[in-house]
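Undergrad: Take this structure, written in structure tokens, and hold onto it; I'll ask about it next.
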Amino acid sequence: WLMVENLFTGGVGIYAFYALQPYLLELYGDPRAYQIAGLVAAIVAGSQIIGGVAAPWIRRLFRRRTSALITIAAVGVIALGLIGIVQSFWGVIGLIVVWAMTFAASMPIRQTYLNGLIPSRQRATILSFDSLMDSSGGVWAQPVLGRAADVWGYGPSYIVGAGISALAL
């Protein structure tokens with residue numbers, strides 16, 4: 001089921017990161033404020049560092065890794081949805097921090113869980129398949145989200161992305 005989840009979340013995360021730059025420029029109100037793109041990259045990178053460091057602490061809050069993964073995914077869905085709803089530049093910046101931290105915290109927990117389930121002789125094959133499922137999610141989700149942004153705007157495309165991610169739950 002964790003691999004099937006990648007079909008729904010694989011492309012959403014990539015889209016969400018790359019669409020943040022033009023979306024934040026729109027919210028900031030200055031289409032030439034290119035420093036915003038650097039700010040987004042720095043915020044996401046810093047948040048991912050914090051999320052990665054917090055992963056063991058988060059894991060200890062739950063009896064099962066699956067419970068931690070489901071909770072983290074739910075928080076990520078909520079953050080993505082709120083990124084699309086909130087119309088405040090600084091509010092969206094705060095939500096980006098939450099979203100990036102959830103993504104980063106889930107990765108080590110997820111990898112530990114998968115590696116614990118797979119016998120070592122089969123690990124490379126199954127992890128490759130997991131990566132394929134992640135990439136396959138990007139094949140369909142990114143065009144859907146890009147079209148949503150073209151038709152309705154960036155904010156609503158994040159709401160659509162949250163809906164797609166919610167399917168993974």
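Labeling convention for the structure tokens: chains A, B, ... as they appear, residues from 1 per chain, ligands from 1 in order of appearance.
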Would you kindly return, as JSON, numbers by chain, each protein, DNA or RNA residue with an atom no farther than 9 Å from any atom of range 113-127 of chain A, considering only C-alpha atoms and excluding same-chain residues fewer than 5 positions away?
TA: {"A": [2, 65, 66, 108, 132]}
Undergrad: Extract, using only C-alpha atoms, all DNA, RNA and protein residues at most 7 Å from range 67-77 of chain A, discarding same-chain residues fewer than 2 positions from it, and format them as a PyMOL selection string.
TA: chain A and resi 59+62+64-65+79-81+99+102+106+110+162+165-166+169
Undergrad: Please produce, as a Markdown table, a per-residue contact table for range 142-167 of chain A versus range 23-38 of chain A (criterion: any atom at most 10 Å away, only C-alpha atoms considered), showing the nearest atom pair and its distance in Å to one decimal, sorted by chain then residue number.
TA:
```
| residue | atom | partner | partner_atom | distance |
| --- | --- | --- | --- | --- |
| A:Ala149 | CA | A:Tyr23 | CA | 9.7 |
| A:Gly153 | CA | A:Tyr23 | CA | 8.7 |
| A:Tyr154 | CA | A:Tyr23 | CA | 5.8 |
| A:Gly155 | CA | A:Tyr23 | CA | 7.4 |
| A:Tyr158 | CA | A:Tyr23 | CA | 9.9 |
```
Undergrad: Can I get the selection written as a PDB file, in the first residue's frame, with N, CA, C and O atoms?
TA:
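Result file follows (again_17.pdb):
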```
ATOM      1  N   ALA A 149      -3.677  24.830 -12.564  1.00  0.00           N
ATOM      2  CA  ALA A 149      -3.116  26.173 -12.356  1.00  0.00           C
ATOM      3  C   ALA A 149      -3.438  27.078 -13.545  1.00  0.00           C
ATOM      4  O   ALA A 149      -3.736  28.265 -13.360  1.00  0.00           O
ATOM      5  N   GLY A 153      -5.789  28.932 -11.447  1.00  0.00           N
ATOM      6  CA  GLY A 153      -4.767  29.677 -10.721  1.00  0.00           C
ATOM      7  C   GLY A 153      -3.963  28.757  -9.809  1.00  0.00           C
ATOM      8  O   GLY A 153      -4.316  27.593  -9.596  1.00  0.00           O
ATOM      9  N   TYR A 154      -2.887  29.310  -9.261  1.00  0.00           N
ATOM     10  CA  TYR A 154      -2.000  28.509  -8.420  1.00  0.00           C
ATOM     11  C   TYR A 154      -2.652  28.061  -7.113  1.00  0.00           C
ATOM     12  O   TYR A 154      -2.496  26.921  -6.690  1.00  0.00           O
ATOM     13  N   GLY A 155      -3.368  28.953  -6.449  1.00  0.00           N
ATOM     14  CA  GLY A 155      -4.003  28.590  -5.183  1.00  0.00           C
ATOM     15  C   GLY A 155      -4.901  27.371  -5.322  1.00  0.00           C
ATOM     16  O   GLY A 155      -4.725  26.378  -4.607  1.00  0.00           O
ATOM     17  N   TYR A 158      -3.162  24.027  -5.655  1.00  0.00           N
ATOM     18  CA  TYR A 158      -2.688  23.419  -4.405  1.00  0.00           C
ATOM     19  C   TYR A 158      -3.813  22.674  -3.693  1.00  0.00           C
ATOM     20  O   TYR A 158      -3.579  21.644  -3.057  1.00  0.00           O
TER      21      TYR A 158
END
```
Undergrad: Give the answer as one residue: which of A:Ala42, A:Ile164, A:Ile83, A:Val53 has the shortest atom-to-atom distance to Gly137 in chain A, using only C-alpha atoms?
TA: A:Ile164
Undergrad: CA of Ile43 in chain A and CA of Ala16 in chain A, how far apart in Å?
TA: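 So the answer is 13.6 Å.
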